[in-house]
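This report refers to the structure that appears directly beneath it.
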Amino acid sequence: MTVIEDVHDVHGATYREVGGRRVVDHYGRPERVVRAVRNVVGVIEMGYGVVTITGADRVDFVDNAVSNCVPTADGEGCYALLLDPQGAIETAMYVYNAGERLLIFTAPDRAEPLVEDWREKTFIQDVDIDLATDEFAVFGVHGPEATEKVASVLNGAGTPEAHLSFVRGTMVDAGVTVIRGDGLAGEEGYEVVCAADVASDVFDTLENRGVNAAPFGYRTWETLTLEAGTPLFETELQGRIPNVLGLRNAVDFEKGCFVGQEVVSRVENRGQPSTRLVGLTCDAVPDLGAAVFAGDASIGEVTRAVESPTREEPIAFAAVDYDLPDEALTVRVDSEEVEAERTDLPFVEGSDESARLPRYE
């Protein structure tokens, strides 16, 4: 469940589950909140699963398991993937070096399996792995005025400048860690981490002190990230090959580790991926999994689609054949084919660019 459900209830929240965790879907009229975030700033409670790792071998242990190099310096983080033996994405995560421990954020349903799996692989290494989801609250602050917002309420530190770097400070009397986000909404963004028992005070500070921030839920988050061209774990990443997604910034192909070197090398040696992620504009909003056609041939499926409040038209992500035929595209909507057009990503340009924007050579 959410950490501050009573606060969300006061705001009239409607809920849903994401990865088995209860999160805010919306507070009403989510399309208007998209515009508020694009124009000013908004705040959302993120439903991460949280894992902490301590012990002298903590950095080496995680570094040997994931696709990117784990930072060795306190105050730095990275985005990384855990790949299965076939090179497909099993878990996506943020790894932050917090001095005496690593703090890992995953999709909510991936944290416990990750802890169980990694505990079986510690062998003689000095590593302690713990599930800590209930100990923390994480709030995202996004929008062109996000930096001004965070700076106006953060005491004891300036806002971090580099993506995925972080600082420690206070908001009112609550200790917080403030992370510079990697632009997933296409806007300046930060994540504010605090202990669960002070989460209500921190949320109130982020919403009401300094520049007012519009509270928003996951429906708005999914729209913002699709407009920004950001693949999400649940809809675009899980079970797919990193090359297919154009996520070269999430995989260090020069890294030598039992996943990073062996599995990723096998992925590269497959040659050109068979499918890729593309952006589509459509005449109507298709459902998840809707077939995409080039002429009479089925070439892929829709992974996510919304009516974009910013563009005022339907937009979609689709996983399609790598070499698109030079024919008109259609998407199946309610048993009929409607016109679709491949569109450059991002759909919407904001104050920052998503680090997950698909890139292909």
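The chains in the structure tokens are called A, B, ... from first to last as shown; in each chain the residues are counted from 1, and the ligands are counted from 1 in the order shown.
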Determine, counting only C-alpha atoms, which protein, DNA and RNA residues have an atom within 6 Å of an atom of Gly300 of chain A; residues of the same chain fewer than 5 positions away are not included. Present the result as number ranges by chain.
A: 291-292, 319-320
Would you please extract all strand (DSSP E or B) residues from segment 13-50 of chain A, as assigned by DSSP on the backbone, and give them as a PyMOL selection string?
chain A and resi 14-18+21-26+42-45+49-50
Contacts of segment 79-171 of chain A with segment 45-54 of chain A up to 10 Å, shortest pair per row, only C-alpha atoms, as a tab-separated table:
```
residue	atom	partner	partner_atom	distance
A:Met93	CA	A:Gly49	CA	9.6
A:Tyr94	CA	A:Val50	CA	9.8
A:Val95	CA	A:Val51	CA	9.5
A:Tyr96	CA	A:Thr52	CA	9.7
A:Asn97	CA	A:Ile53	CA	9.8
A:Ala98	CA	A:Thr52	CA	9.8
A:Gly99	CA	A:Thr54	CA	9.5
A:Glu100	CA	A:Thr54	CA	6.5
A:Arg101	CA	A:Thr54	CA	4.6
A:Leu102	CA	A:Ile53	CA	5.1
A:Leu103	CA	A:Thr52	CA	4.8
A:Ile104	CA	A:Val51	CA	5.0
A:Phe105	CA	A:Val50	CA	4.9
A:Thr106	CA	A:Gly49	CA	5.1
A:Ala107	CA	A:Tyr48	CA	5.4
A:Pro108	CA	A:Gly49	CA	4.0
A:Asp109	CA	A:Gly49	CA	6.9
A:Arg110	CA	A:Gly49	CA	6.9
A:Ala111	CA	A:Gly49	CA	5.0
A:Glu112	CA	A:Gly49	CA	7.9
A:Leu114	CA	A:Val51	CA	8.4
A:Val115	CA	A:Val51	CA	7.2
A:Asp126	CA	A:Thr54	CA	8.2
A:Val127	CA	A:Thr54	CA	5.7
A:Asp128	CA	A:Thr54	CA	5.2
A:Ile129	CA	A:Ile53	CA	4.6
A:Asp130	CA	A:Thr52	CA	5.3
A:Leu131	CA	A:Val51	CA	4.8
A:Ala132	CA	A:Val50	CA	5.2
A:Thr133	CA	A:Val50	CA	4.4
A:Asp134	CA	A:Val50	CA	8.1
A:Glu135	CA	A:Val50	CA	8.5
A:Phe136	CA	A:Val50	CA	7.8
A:Ala137	CA	A:Glu45	CA	7.5
A:Val138	CA	A:Met46	CA	5.5
A:Phe139	CA	A:Glu45	CA	4.5
A:Gly140	CA	A:Glu45	CA	6.3
A:Val141	CA	A:Glu45	CA	9.1
```
Serialized selection, N, CA and C atoms, as an mmCIF file, in the first residue's frame:
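That gives us out_28.cif:
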```cif
data_model
loop_
_atom_site.group_PDB
_atom_site.id
_atom_site.type_symbol
_atom_site.label_atom_id
_atom_site.label_comp_id
_atom_site.auth_asym_id
_atom_site.auth_seq_id
_atom_site.Cartn_x
_atom_site.Cartn_y
_atom_site.Cartn_z
ATOM 1 N N MET A 93 16.554 -1.389 -12.434
ATOM 2 C CA MET A 93 16.755 -0.823 -11.105
ATOM 3 C C MET A 93 17.610 0.428 -11.149
ATOM 4 N N TYR A 94 17.422 1.254 -10.139
ATOM 5 C CA TYR A 94 18.362 2.320 -9.826
ATOM 6 C C TYR A 94 19.215 1.847 -8.655
ATOM 7 N N VAL A 95 20.537 2.050 -8.751
ATOM 8 C CA VAL A 95 21.472 1.683 -7.683
ATOM 9 C C VAL A 95 22.174 2.951 -7.218
ATOM 10 N N TYR A 96 22.021 3.271 -5.926
ATOM 11 C CA TYR A 96 22.627 4.473 -5.369
ATOM 12 C C TYR A 96 23.647 4.084 -4.297
ATOM 13 N N ASN A 97 24.843 4.676 -4.395
ATOM 14 C CA ASN A 97 25.881 4.438 -3.403
ATOM 15 C C ASN A 97 25.708 5.455 -2.278
ATOM 16 N N ALA A 98 25.231 4.976 -1.133
ATOM 17 C CA ALA A 98 24.974 5.848 0.014
ATOM 18 C C ALA A 98 26.011 5.640 1.106
ATOM 19 N N GLY A 99 27.258 5.484 0.704
ATOM 20 C CA GLY A 99 28.340 5.337 1.678
ATOM 21 C C GLY A 99 28.441 3.920 2.197
ATOM 22 N N GLU A 100 27.911 3.668 3.383
ATOM 23 C CA GLU A 100 28.019 2.352 4.004
ATOM 24 C C GLU A 100 27.013 1.341 3.467
ATOM 25 N N ARG A 101 26.141 1.776 2.564
ATOM 26 C CA ARG A 101 25.179 0.841 1.983
ATOM 27 C C ARG A 101 24.819 1.264 0.573
ATOM 28 N N LEU A 102 24.331 0.316 -0.197
ATOM 29 C CA LEU A 102 23.723 0.596 -1.485
ATOM 30 C C LEU A 102 22.216 0.600 -1.300
ATOM 31 N N LEU A 103 21.564 1.545 -1.949
ATOM 32 C CA LEU A 103 20.112 1.638 -1.927
ATOM 33 C C LEU A 103 19.621 1.362 -3.341
ATOM 34 N N ILE A 104 18.740 0.367 -3.486
ATOM 35 C CA ILE A 104 18.286 -0.072 -4.801
ATOM 36 C C ILE A 104 16.779 0.108 -4.901
ATOM 37 N N PHE A 105 16.331 0.773 -5.975
ATOM 38 C CA PHE A 105 14.906 0.947 -6.256
ATOM 39 C C PHE A 105 14.540 0.076 -7.454
ATOM 40 N N THR A 106 13.490 -0.712 -7.303
ATOM 41 C CA THR A 106 13.007 -1.572 -8.385
ATOM 42 C C THR A 106 11.498 -1.413 -8.530
ATOM 43 N N ALA A 107 10.933 -2.062 -9.553
ATOM 44 C CA ALA A 107 9.480 -2.207 -9.598
ATOM 45 C C ALA A 107 9.032 -2.923 -8.323
ATOM 46 N N PRO A 108 7.857 -2.604 -7.789
ATOM 47 C CA PRO A 108 7.477 -3.122 -6.473
ATOM 48 C C PRO A 108 7.455 -4.636 -6.370
ATOM 49 N N ASP A 109 7.102 -5.336 -7.441
ATOM 50 C CA ASP A 109 7.027 -6.794 -7.365
ATOM 51 C C ASP A 109 8.360 -7.471 -7.656
ATOM 52 N N ARG A 110 9.436 -6.691 -7.903
ATOM 53 C CA ARG A 110 10.728 -7.290 -8.193
ATOM 54 C C ARG A 110 11.686 -7.246 -7.000
ATOM 55 N N ALA A 111 11.360 -6.484 -5.966
ATOM 56 C CA ALA A 111 12.295 -6.331 -4.849
ATOM 57 C C ALA A 111 12.458 -7.625 -4.057
ATOM 58 N N GLU A 112 11.361 -8.243 -3.659
ATOM 59 C CA GLU A 112 11.470 -9.456 -2.848
ATOM 60 C C GLU A 112 12.130 -10.600 -3.610
ATOM 61 N N LEU A 114 14.287 -10.325 -5.938
ATOM 62 C CA LEU A 114 15.694 -9.948 -6.063
ATOM 63 C C LEU A 114 16.456 -10.279 -4.791
ATOM 64 N N VAL A 115 15.872 -9.954 -3.635
ATOM 65 C CA VAL A 115 16.509 -10.272 -2.355
ATOM 66 C C VAL A 115 16.713 -11.778 -2.217
ATOM 67 N N ASP A 126 31.192 -10.818 1.846
ATOM 68 C CA ASP A 126 30.689 -10.024 2.972
ATOM 69 C C ASP A 126 29.592 -9.099 2.449
ATOM 70 N N VAL A 127 28.374 -9.642 2.390
ATOM 71 C CA VAL A 127 27.234 -8.913 1.842
ATOM 72 C C VAL A 127 25.989 -9.264 2.651
ATOM 73 N N ASP A 128 25.232 -8.249 3.047
ATOM 74 C CA ASP A 128 23.931 -8.435 3.692
ATOM 75 C C ASP A 128 22.880 -7.740 2.837
ATOM 76 N N ILE A 129 21.829 -8.471 2.483
ATOM 77 C CA ILE A 129 20.809 -7.980 1.563
ATOM 78 C C ILE A 129 19.468 -7.992 2.287
ATOM 79 N N ASP A 130 18.795 -6.851 2.304
ATOM 80 C CA ASP A 130 17.552 -6.734 3.061
ATOM 81 C C ASP A 130 16.472 -6.047 2.238
ATOM 82 N N LEU A 131 15.240 -6.516 2.418
ATOM 83 C CA LEU A 131 14.072 -5.863 1.842
ATOM 84 C C LEU A 131 13.682 -4.707 2.752
ATOM 85 N N ALA A 132 13.602 -3.490 2.195
ATOM 86 C CA ALA A 132 13.376 -2.301 3.021
ATOM 87 C C ALA A 132 12.250 -1.428 2.487
ATOM 88 N N THR A 133 11.365 -2.004 1.692
ATOM 89 C CA THR A 133 10.305 -1.224 1.056
ATOM 90 C C THR A 133 9.486 -0.432 2.063
ATOM 91 N N ASP A 134 9.142 -1.038 3.194
ATOM 92 C CA ASP A 134 8.256 -0.382 4.157
ATOM 93 C C ASP A 134 8.959 0.692 4.990
ATOM 94 N N GLU A 135 10.274 0.794 4.867
ATOM 95 C CA GLU A 135 11.016 1.754 5.690
ATOM 96 C C GLU A 135 11.085 3.144 5.070
ATOM 97 N N PHE A 136 10.796 3.252 3.766
ATOM 98 C CA PHE A 136 11.022 4.509 3.059
ATOM 99 C C PHE A 136 9.774 4.975 2.320
ATOM 100 N N ALA A 137 9.726 6.278 2.084
ATOM 101 C CA ALA A 137 8.800 6.873 1.118
ATOM 102 C C ALA A 137 9.630 7.594 0.074
ATOM 103 N N VAL A 138 9.165 7.543 -1.172
ATOM 104 C CA VAL A 138 9.866 8.208 -2.274
ATOM 105 C C VAL A 138 8.855 9.049 -3.038
ATOM 106 N N PHE A 139 9.150 10.345 -3.161
ATOM 107 C CA PHE A 139 8.270 11.265 -3.872
ATOM 108 C C PHE A 139 8.992 11.841 -5.081
ATOM 109 N N GLY A 140 8.333 11.784 -6.242
ATOM 110 C CA GLY A 140 8.878 12.395 -7.441
ATOM 111 C C GLY A 140 8.370 13.812 -7.596
ATOM 112 N N VAL A 141 9.262 14.725 -7.952
ATOM 113 C CA VAL A 141 8.918 16.126 -8.195
ATOM 114 C C VAL A 141 9.342 16.453 -9.621
#
```
Extract, using only C-alpha atoms, all DNA, RNA and protein residues at most 9 Å from Ala213 of chain A, discarding same-chain residues fewer than 5 positions from it, and format them as a PyMOL selection string.
chain A and resi 36-37+40-43+141-142+146+149+206-208
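Minimum distance to Thr275 of chain A across A:Pro113, A:Gly246, A:Gly181, A:Gly229 (counting only C-alpha atoms) occurs at A:Gly246.
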Figure out the distance between atom CA of Gly239 of chain A and atom CA of Asp84 of chain A, please, to one decimal in Å.
8.6 Å
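By chain and then residue number, the residues within 12 Å of Asp287 of chain A are Cys282, Ala284, Ala290, Ala291, Val292, Glu301, Val302, Thr303, Arg304, Ala305, Val306, Glu307, Pro314, Ile315, Ala316, Phe317, Ala318, Val331, Arg332, Val333, Asp334 and Ser335 of chain A, counting only C-alpha atoms and disregarding those fewer than 3 positions away in sequence.
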Output file for the residues above (C-alpha atoms, as a tab-separated table (two decimals), in the first residue's frame):
```
chain	number	residue	atom	x	y	z
A	282	CYS	CA	-3.12	7.32	-34.41
A	284	ALA	CA	-7.94	6.62	-32.15
A	290	ALA	CA	-3.37	-4.01	-30.38
A	291	ALA	CA	-1.93	-5.27	-33.67
A	292	VAL	CA	0.04	-2.90	-35.90
A	301	GLU	CA	1.83	-4.61	-31.31
A	302	VAL	CA	1.06	-1.59	-29.16
A	303	THR	CA	2.69	-1.60	-25.72
A	304	ARG	CA	1.07	1.62	-24.39
A	305	ALA	CA	-1.25	4.33	-25.72
A	306	VAL	CA	-2.99	7.45	-24.42
A	307	GLU	CA	-4.83	10.53	-25.59
A	314	PRO	CA	-3.70	9.77	-29.55
A	315	ILE	CA	-0.09	8.60	-29.22
A	316	ALA	CA	1.36	5.12	-28.73
A	317	PHE	CA	4.49	3.06	-28.21
A	318	ALA	CA	4.69	-0.05	-30.41
A	331	VAL	CA	-3.56	-0.09	-35.83
A	332	ARG	CA	-6.46	-2.31	-34.85
A	333	VAL	CA	-9.01	-0.47	-32.68
A	334	ASP	CA	-12.31	-2.15	-31.80
A	335	SER	CA	-11.86	-4.79	-34.55
```
Write out as an NGL selection string each polymer residue whose atoms come within 12 Å of Val23 of chain A, counting only C-alpha atoms; drop sequence neighbours fewer than 4 positions from it.
:A and (1-5 or 8-9 or 13-19 or 27 or 44-48 or 108 or 216-219 or 221)
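Distance check against Pro242 of chain A using only C-alpha atoms: of A:Arg276, A:Arg119, A:Arg311, A:His26, the minimum falls on A:Arg276.
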DSSP-assigned helix (DSSP H, G or I) among segment 87-261 of chain A, expressed as an MDAnalysis selection string
chainID A and resid 111:119 133:135 146:153 196:208 218:227 233:237 242:245 248:250
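Compared by their closest atoms to Gln86 of chain A, and using only C-alpha atoms, the residues A:Val62, A:Thr281, A:Arg240, A:Gly295 rank with A:Arg240 nearest.
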What lies within 12 Å of Thr205 of chain A using only C-alpha atoms, ignoring chain neighbours under 2 positions off, as a VMD selection string?
chain A and resid 43 139 141 149 to 154 170 to 174 176 192 198 to 203 207 to 213 215
Counting only C-alpha atoms, the residue among A:Glu236, A:Glu145, A:Glu76, A:Glu327 that lies closest to Arg168 of chain A is A:Glu76
